file coords-v8.txt (compact mmCIF, C-alpha atoms)
# COMPACT_ATOMS: atom_id res chain seq x y z
CA MET K 19 -38.60 6.33 -9.71
CA THR K 20 -37.33 9.29 -7.66
CA VAL K 21 -34.46 11.20 -9.25
CA PHE K 22 -31.87 12.46 -6.77
CA ASP K 23 -31.28 16.21 -6.98
CA PRO K 24 -27.95 17.20 -5.34
CA ASN K 25 -29.06 20.84 -5.32
CA ALA K 26 -32.20 20.20 -3.29
CA ALA K 27 -32.63 19.98 0.47
CA ALA K 28 -32.06 16.57 2.01
CA ALA K 29 -35.15 14.46 2.37
CA PRO K 30 -36.25 13.61 5.91
CA GLY K 31 -34.73 10.33 7.04
CA SER K 32 -32.22 10.28 4.19
CA GLY K 33 -28.75 8.84 4.53
CA LEU K 34 -25.43 10.48 5.32
CA PHE K 35 -25.22 13.90 3.60
CA GLY K 36 -28.80 13.34 2.45
CA LEU K 37 -27.64 10.77 -0.10
CA PRO K 38 -29.74 7.88 -1.35
CA GLY K 39 -28.35 4.50 -2.25
CA ALA K 40 -27.40 1.24 -0.61
CA GLU K 41 -23.98 0.05 0.50
CA ARG K 42 -23.46 -1.91 -2.70
CA GLU K 43 -23.65 1.32 -4.72
CA ALA K 44 -21.16 3.24 -2.57
CA ALA K 45 -17.41 3.53 -3.06
CA ILE K 46 -16.97 4.89 0.48
CA VAL K 47 -18.65 3.23 3.46
CA ILE K 48 -18.69 4.87 6.88
CA VAL K 49 -18.58 2.59 9.93
CA PRO K 50 -19.94 4.34 13.04
CA VAL K 51 -18.30 3.22 16.29
CA PRO K 52 -20.08 4.71 19.34
CA PHE K 53 -17.40 3.75 21.88
CA ALA K 54 -15.43 6.07 24.17
CA ALA K 55 -14.87 4.16 27.40
CA THR K 56 -11.43 5.50 28.39
CA VAL K 57 -11.80 9.22 27.70
CA SER K 58 -9.85 11.04 30.38
CA TYR K 59 -11.19 14.60 30.41
CA GLY K 60 -14.41 15.50 28.63
CA GLY K 61 -16.89 12.82 27.54
CA GLY K 62 -19.55 12.33 24.90
CA ALA K 63 -17.64 11.19 21.81
CA GLU K 64 -19.79 8.06 21.63
CA LEU K 65 -22.67 10.35 20.58
CA ALA K 66 -20.82 11.72 17.56
CA PRO K 67 -21.95 9.29 14.83
CA GLY K 68 -25.62 10.09 15.31
CA ALA K 69 -25.05 13.82 15.67
CA ILE K 70 -22.80 13.96 12.58
CA LEU K 71 -25.36 12.01 10.57
CA ALA K 72 -28.04 14.55 11.48
CA ALA K 73 -25.77 17.55 10.78
CA SER K 74 -24.55 16.07 7.49
CA ARG K 75 -27.95 16.51 5.86
CA GLN K 76 -27.41 20.28 5.60
CA VAL K 77 -23.96 20.05 3.98
CA ASP K 78 -23.99 21.34 0.39
CA LEU K 79 -22.74 18.60 -1.89
CA TYR K 80 -20.64 20.46 -4.45
CA ASP K 81 -17.12 20.98 -3.12
CA LEU K 82 -14.92 23.53 -4.88
CA GLN K 83 -11.85 21.58 -3.76
CA PHE K 84 -12.83 18.00 -4.66
CA GLY K 85 -15.86 18.47 -6.92
CA ARG K 86 -18.87 16.13 -6.93
CA THR K 87 -17.74 13.83 -4.13
CA TYR K 88 -21.28 12.49 -3.71
CA GLU K 89 -21.16 10.88 -7.17
CA CYS K 90 -18.82 8.15 -5.93
CA GLY K 91 -21.48 7.00 -3.47
CA ILE K 92 -21.18 7.42 0.31
CA HIS K 93 -23.08 5.14 2.64
CA MET K 94 -23.16 5.01 6.43
CA LEU K 95 -23.84 1.70 8.11
CA PRO K 96 -26.10 1.48 11.15
CA ALA K 97 -24.28 1.51 14.47
CA ASP K 98 -23.54 -1.89 15.97
CA PRO K 99 -25.70 -2.19 19.12
CA ALA K 100 -23.18 -4.58 20.65
CA VAL K 101 -20.51 -1.87 20.44
CA ALA K 102 -22.83 0.67 22.07
CA ALA K 103 -23.57 -1.81 24.85
CA ALA K 104 -19.86 -2.46 25.35
CA HIS K 105 -19.32 1.28 25.72
CA GLY K 106 -21.98 1.52 28.40
CA ARG K 107 -20.51 -1.30 30.47
CA ALA K 108 -16.89 -0.27 30.09
CA ARG K 109 -17.44 3.44 30.64
CA SER K 110 -19.17 2.85 33.95
CA LEU K 111 -16.17 0.81 35.11
CA ALA K 112 -13.55 3.24 33.77
CA GLN K 113 -14.97 6.47 35.15
CA GLY K 114 -13.93 5.90 38.75
CA LEU K 115 -10.38 5.01 37.78
CA VAL K 116 -10.12 8.00 35.45
CA ALA K 117 -11.38 10.31 38.20
CA ARG K 118 -8.51 9.12 40.42
CA GLY K 119 -5.96 9.74 37.68
CA GLY K 120 -5.52 6.11 36.74
CA ALA K 121 -2.75 4.12 38.44
CA PRO K 122 -5.14 1.30 39.34
CA GLY K 123 -4.39 -0.79 42.42
CA ALA K 124 -4.92 -4.47 43.12
CA ALA K 125 -8.59 -3.92 43.89
CA ASP K 126 -9.12 -2.43 40.42
CA ARG K 127 -7.70 -5.30 38.40
CA ALA K 128 -11.06 -6.81 37.54
CA ALA K 129 -12.41 -3.45 36.34
CA VAL K 130 -9.32 -2.76 34.24
CA ALA K 131 -9.48 -6.24 32.74
CA ALA K 132 -13.15 -5.71 31.84
CA VAL K 133 -12.44 -2.34 30.20
CA ASP K 134 -9.53 -3.84 28.26
CA ALA K 135 -11.76 -6.74 27.19
CA ALA K 136 -14.34 -4.26 25.89
CA GLY K 137 -11.60 -2.55 23.89
CA GLU K 138 -10.51 -5.86 22.40
CA PHE K 139 -14.13 -6.65 21.55
CA VAL K 140 -14.50 -3.35 19.70
CA ASN K 141 -11.18 -3.91 17.92
CA GLY K 142 -12.45 -7.25 16.67
CA ARG K 143 -15.77 -5.89 15.46
CA VAL K 144 -14.17 -2.95 13.67
CA ARG K 145 -11.49 -5.14 12.12
CA ALA K 146 -14.02 -7.66 10.81
CA GLU K 147 -16.19 -4.93 9.29
CA THR K 148 -13.17 -3.23 7.73
CA GLU K 149 -11.94 -6.50 6.24
CA ARG K 150 -15.38 -7.12 4.76
CA LEU K 151 -15.47 -3.68 3.16
CA LEU K 152 -11.94 -3.93 1.80
CA ALA K 153 -12.74 -7.30 0.26
CA ALA K 154 -15.72 -5.67 -1.46
CA GLY K 155 -13.50 -2.95 -2.92
CA LYS K 156 -14.81 -0.18 -0.66
CA VAL K 157 -12.91 2.62 1.08
CA PRO K 158 -13.76 2.28 4.78
CA GLY K 159 -14.17 5.34 6.96
CA ILE K 160 -14.33 4.83 10.72
CA LEU K 161 -16.43 7.39 12.59
CA GLY K 162 -15.80 7.45 16.35
CA GLY K 163 -16.07 7.53 19.22
CA ASP K 164 -12.73 8.15 20.84
CA HIS K 165 -9.35 7.60 19.26
CA SER K 166 -9.06 4.02 20.47
CA VAL K 167 -11.68 2.81 17.99
CA PRO K 168 -9.73 2.70 14.68
CA PHE K 169 -7.13 0.16 15.84
CA GLY K 170 -8.91 -2.79 14.23
CA ALA K 171 -9.35 -0.87 10.98
CA ILE K 172 -5.67 0.10 10.82
CA ALA K 173 -4.67 -3.52 11.44
CA ALA K 174 -6.98 -4.71 8.65
CA VAL K 175 -5.81 -2.06 6.20
CA ALA K 176 -2.12 -2.72 6.93
CA ARG K 177 -2.63 -6.41 6.23
CA ARG K 178 -4.16 -5.68 2.81
CA HIS K 179 -1.81 -2.80 1.99
CA PRO K 180 1.74 -3.70 3.06
CA ASP K 181 4.09 -0.72 3.32
CA LEU K 182 1.26 1.45 4.66
CA GLY K 183 1.73 5.00 5.87
CA ILE K 184 -0.44 6.82 8.39
CA LEU K 185 -1.08 10.55 8.29
CA HIS K 186 -2.08 11.33 11.87
CA VAL K 187 -3.67 14.73 12.54
CA ASP K 188 -3.93 15.34 16.28
CA ALA K 189 -3.11 17.70 19.12
CA HIS K 190 -1.61 14.67 20.90
CA ALA K 191 1.03 12.11 19.93
CA ASP K 192 -1.08 9.20 21.34
CA LEU K 193 2.10 7.22 22.05
CA ARG K 194 1.43 6.57 25.74
CA GLU K 195 1.64 3.00 26.92
CA ALA K 196 -1.56 1.83 28.65
CA TYR K 197 -2.52 5.36 29.69
CA GLU K 198 -4.23 5.43 33.10
CA GLY K 199 -3.82 1.66 33.19
CA PHE K 200 -5.94 0.88 30.14
CA ARG K 201 -4.25 -1.03 27.33
CA TRP K 202 -6.67 0.25 24.69
CA SER K 203 -6.74 3.85 25.89
CA HIS K 204 -7.61 6.64 23.47
CA ALA K 205 -4.16 8.07 24.32
CA SER K 206 -2.40 4.83 23.33
CA ILE K 207 -3.70 4.24 19.80
CA MET K 208 -0.45 4.95 17.95
CA HIS K 209 1.65 3.14 20.56
CA ASN K 210 -0.55 0.09 20.00
CA VAL K 211 -0.34 0.42 16.23
CA LEU K 212 3.46 0.63 16.29
CA ARG K 213 3.69 -2.33 18.65
CA GLU K 214 1.13 -4.64 17.08
CA VAL K 215 0.62 -3.78 13.41
CA PRO K 216 3.39 -5.25 11.24
CA GLY K 217 4.11 -3.71 7.88
CA LEU K 218 3.58 -0.10 8.88
CA ARG K 219 6.21 1.88 7.02
CA ARG K 220 5.80 5.29 8.54
CA LEU K 221 3.65 7.29 10.93
CA VAL K 222 3.62 11.01 10.10
CA GLN K 223 2.06 13.18 12.80
CA VAL K 224 1.00 16.80 12.32
CA GLY K 225 -0.56 19.33 14.67
CA VAL K 226 0.96 17.76 17.80
CA ARG K 227 1.24 20.25 20.66
CA ASP K 228 0.46 18.29 23.85
CA PHE K 229 2.67 15.32 24.75
CA CYS K 230 4.73 13.85 27.56
CA GLU K 231 8.47 13.25 27.67
CA GLN K 232 8.01 9.49 27.30
CA GLU K 233 6.22 10.10 24.01
CA LEU K 234 9.00 12.39 22.80
CA ARG K 235 11.52 9.66 23.58
CA ALA K 236 9.39 7.17 21.66
CA VAL K 237 9.51 9.42 18.59
CA GLN K 238 13.26 9.88 18.91
CA ALA K 239 13.86 6.15 19.36
CA SER K 240 11.70 5.10 16.40
CA GLY K 241 14.54 5.22 13.88
CA GLY K 242 12.52 7.40 11.55
CA THR K 243 9.38 5.27 11.59
CA VAL K 244 7.63 8.10 13.46
CA VAL K 245 7.97 11.59 12.00
CA THR K 246 6.32 14.14 14.26
CA HIS K 247 5.72 17.70 13.12
CA PHE K 248 5.12 19.71 16.27
CA ASP K 249 2.66 22.57 15.98
CA GLN K 250 4.98 24.98 17.80
CA GLU K 251 7.79 24.30 15.33
CA TRP K 252 5.50 24.75 12.33
CA GLN K 253 4.30 28.05 13.74
CA ARG K 254 7.89 29.21 14.32
CA ARG K 255 8.77 28.40 10.72
CA ARG K 256 5.71 30.24 9.46
CA PHE K 257 6.62 33.29 11.57
CA VAL K 258 9.96 33.55 9.77
CA GLY K 259 8.39 33.29 6.34
CA GLU K 260 7.98 29.65 5.33
CA PRO K 261 4.68 29.07 3.52
CA PHE K 262 2.19 26.60 4.96
CA ASP K 263 2.12 24.83 1.62
CA SER K 264 5.81 23.92 1.96
CA LEU K 265 5.25 22.49 5.43
CA CYS K 266 2.40 20.32 4.15
CA ALA K 267 4.50 19.11 1.23
CA GLU K 268 7.32 18.20 3.61
CA ALA K 269 5.00 16.14 5.81
CA VAL K 270 3.39 14.34 2.87
CA ALA K 271 6.74 13.57 1.23
CA ALA K 272 7.61 11.15 4.04
CA LEU K 273 4.56 8.98 3.32
CA PRO K 274 4.44 5.95 1.00
CA ARG K 275 1.85 5.66 -1.77
CA ASP K 276 -0.90 4.03 0.29
CA VAL K 277 -2.04 6.18 3.18
CA TYR K 278 -4.45 5.78 6.07
CA VAL K 279 -5.61 9.15 7.44
CA SER K 280 -6.35 9.21 11.17
CA PHE K 281 -7.97 12.54 12.02
CA ASP K 282 -8.60 13.47 15.63
CA VAL K 283 -10.75 16.59 15.55
CA ASP K 284 -8.70 18.16 18.35
CA GLY K 285 -5.97 18.62 15.73
CA LEU K 286 -8.07 21.62 14.72
CA ASP K 287 -8.18 24.97 16.49
CA PRO K 288 -10.50 24.32 19.47
CA ALA K 289 -12.73 27.18 18.33
CA LEU K 290 -13.90 24.63 15.74
CA CYS K 291 -14.41 21.81 18.24
CA PRO K 292 -14.93 23.39 21.69
CA ASN K 293 -16.55 20.30 23.18
CA THR K 294 -13.93 17.75 22.14
CA GLY K 295 -12.64 15.70 25.05
CA THR K 296 -9.09 17.10 25.30
CA PRO K 297 -8.96 20.52 23.60
CA VAL K 298 -5.57 22.23 23.25
CA PRO K 299 -4.87 25.84 22.15
CA GLY K 300 -3.33 26.10 18.69
CA GLY K 301 -4.02 23.73 15.84
CA PHE K 302 -5.21 23.98 12.27
CA SER K 303 -7.87 26.20 10.82
CA PHE K 304 -10.45 24.38 8.72
CA ALA K 305 -8.90 25.77 5.54
CA GLU K 306 -5.44 24.58 6.61
CA ALA K 307 -6.70 21.06 7.30
CA CYS K 308 -8.34 21.01 3.87
CA HIS K 309 -5.12 22.20 2.23
CA LEU K 310 -3.20 19.39 3.94
CA LEU K 311 -5.65 16.84 2.51
CA SER K 312 -5.41 18.47 -0.92
CA THR K 313 -1.61 18.31 -0.76
CA LEU K 314 -1.83 14.61 0.01
CA VAL K 315 -4.15 13.98 -2.96
CA HIS K 316 -2.13 16.08 -5.41
CA SER K 317 1.05 14.28 -4.42
CA GLY K 318 -0.27 11.17 -6.16
CA ARG K 319 -0.79 9.23 -2.95
CA ARG K 320 -3.93 7.21 -2.32
CA ILE K 321 -6.12 7.29 0.77
CA VAL K 322 -7.09 3.65 1.29
CA ALA K 323 -9.07 4.24 4.50
CA PHE K 324 -9.54 6.91 7.15
CA ASP K 325 -11.07 7.75 10.48
CA LEU K 326 -12.56 10.80 12.17
CA VAL K 327 -12.66 10.67 15.97
CA GLU K 328 -13.18 12.69 19.16
CA VAL K 329 -16.03 14.86 17.87
CA VAL K 330 -18.25 15.61 20.87
CA PRO K 331 -21.72 17.09 20.22
CA GLY K 332 -22.40 20.15 22.35
CA ALA K 333 -25.26 20.07 24.82
CA ASN K 334 -26.71 23.35 23.55
CA SER K 335 -25.24 23.64 20.07
CA ASP K 336 -24.72 21.51 16.97
CA TRP K 337 -21.53 23.41 16.06
CA ASP K 338 -19.14 20.51 16.74
CA ALA K 339 -21.31 18.08 14.77
CA ASN K 340 -21.57 20.63 11.94
CA VAL K 341 -17.78 20.94 11.73
CA GLY K 342 -17.44 17.17 12.06
CA ALA K 343 -19.86 16.56 9.19
CA ARG K 344 -18.02 18.97 6.92
CA LEU K 345 -14.65 17.50 7.81
CA LEU K 346 -16.02 14.02 7.12
CA TYR K 347 -17.16 15.16 3.67
CA LYS K 348 -13.69 16.56 2.99
CA LEU K 349 -12.12 13.24 4.00
CA CYS K 350 -14.51 11.45 1.65
CA GLY K 351 -13.63 13.90 -1.11
CA ALA K 352 -9.90 13.35 -0.64
CA ALA K 353 -10.38 9.58 -0.63
CA ALA K 354 -12.49 9.71 -3.78
CA ALA K 355 -10.09 12.05 -5.59
CA GLY K 356 -6.89 10.15 -4.87
CA GLY K 357 -5.53 7.07 -6.66
call {"tool": "encode", "arguments": {"input": "coords-v8.txt", "output": "structure tokens"}}
result
Amino acid sequence: MTVFDPNAAAAPGSGLFGLPGAEREAAIVIVPVPFAATVSYGGGAELAPGAILAASRQVDLYDLQFGRTYECGIHMLPADPAVAAAHGRARSLAQGLVARGGAPGAADRAAVAAVDAAGEFVNGRVRAETERLLAAGKVPGILGGDHSVPFGAIAAVARRHPDLGILHVDAHADLREAYEGFRWSHASIMHNVLREVPGLRRLVQVGVRDFCEQELRAVQASGGTVVTHFDQEWQRRRFVGEPFDSLCAEAVAALPRDVYVSFDVDGLDPALCPNTGTPVPGGFSFAEACHLLSTLVHSGRRIVAFDLVEVVPGANSDWDANVGARLLYKLCGAAAAGG
């Protein structure tokens, strides 16, 4: 019998973070979703699960913030080939419309319908897998892909955990309705959640610095269901002396006990994710993002599921995948430490 040594190098062909063990032994199970059909600027997020898996094998396993996260068991499922195939078909149809700035005409209806159908298919697959994992007592982690992919997971989690809160880290509000004509657009994930997921108590957004006026009106008209902390306002408050810790505590205080964390990597400073599809100046440092997660854990709230999306592996560098792997381990650590 081989004894696992967390201080040793990862074995070739080992699992996520070089960990051994089957799904049944893991408290946290990562669901890779290689789908990014509607991305509207840079592409390649569908490649993230494989690249993050490879990069994860050089992540050191002891975390000063969350301790021996690996001891809870972390397992990554194989990617669903049907989802990858759906991406290929839908992306080829969406690209022409995206290049024209959306606004599809009558001649595009069949293509739009096919892309939307692919999105619904992925929603169904992700929801079914999430429901299976929740029933088994696991904490699901969705690894995209673009930001459209966690919809099915959020729906499944909200059904099992009524009064759910979402902590949404993102450069964008993602409250657009059918962006560029696509119902399940990456830019519409939170609009779709608010419209179609009953039982959501509150959506708390942090890091937001790129949004349209329609999205701002949606926040203002939400009656407090959506609490958006704009990056520019946080920076202004920091400039006049407010500590970052207080801002994090304020954001977390609006959340109920059970929390789903939706983390778009472009919520970080783009120096950490230069190849992400829609980078925006500003955003969190890695240490700040980790402190936000720590604040959530120390508040007594419980992360019941999470996602990490919009990581795009660079063509000539594994930097984005490296950052993505380390952020994924932090999300696992926060989920393991809470509740």
call {"tool": "residues_around", "arguments": {"input": "coords-v8.txt", "residues": "Leu161 in chain K", "least_positions_apart": "6", "cutoff": "9 Å", "atoms": "all atoms listed in the file", "output": "list of chain:residue names"}}
result
K:Ile48, K:Val49, K:Pro50, K:Val51, K:Pro52, K:Ala66, K:Pro67, K:Val167, K:Pro168, K:Phe324, K:Asp325, K:Leu326, K:Val327, K:Leu346
call {"tool": "closest_residue", "arguments": {"input": "coords-v8.txt", "among": "K:Gln223, K:Pro122, K:Glu41, K:Gly62", "to": "Ala339 in chain K", "atoms": "all atoms listed in the file"}}
result
K:Gly62
call {"tool": "closest_residue", "arguments": {"input": "coords-v8.txt", "among": "K:Thr87, K:Gln76, K:Gln238, K:Gln253", "to": "Gly301 in chain K", "atoms": "all atoms listed in the file"}}
result
K:Gln253
call {"tool": "closest_residue", "arguments": {"input": "coords-v8.txt", "among": "K:Leu185, K:Asp338, K:Gly199, K:Ser264", "to": "Pro288 in chain K", "atoms": "only C-alpha atoms"}}
result
K:Asp338
call {"tool": "closest_atom_pairs", "arguments": {"input": "coords-v8.txt", "of": "range 186-292 of chain K", "to": "range 138-152 of chain K", "cutoff": "12 Å", "atoms": "all atoms listed in the file", "output": "Markdown table"}}
result
| residue | atom | partner | partner_atom | distance |
| --- | --- | --- | --- | --- |
| K:Phe200 | CA | K:Glu138 | CA | 11.2 |
| K:Arg201 | CA | K:Glu138 | CA | 9.3 |
| K:Trp202 | CA | K:Glu138 | CA | 7.6 |
| K:Ser203 | CA | K:Glu138 | CA | 11.0 |
| K:Ile207 | CA | K:Asn141 | CA | 11.2 |
| K:Asn210 | CA | K:Asn141 | CA | 11.5 |
| K:Val211 | CA | K:Asn141 | CA | 11.8 |
call {"tool": "residues_near_point", "arguments": {"input": "coords-v8.txt", "point": "(-20.5, 16.7, -0.7)", "cutoff": "12 Å", "atoms": "only C-alpha atoms", "output": "VMD selection string"}}
result
chain K and resid 24 to 25 28 34 to 37 74 to 92 343 to 352 354
call {"tool": "atom_distance", "arguments": {"input": "coords-v8.txt", "atom1": "CA of Val330 in chain K", "atom2": "CA of Gly159 in chain K"}}
result
17.8 Å
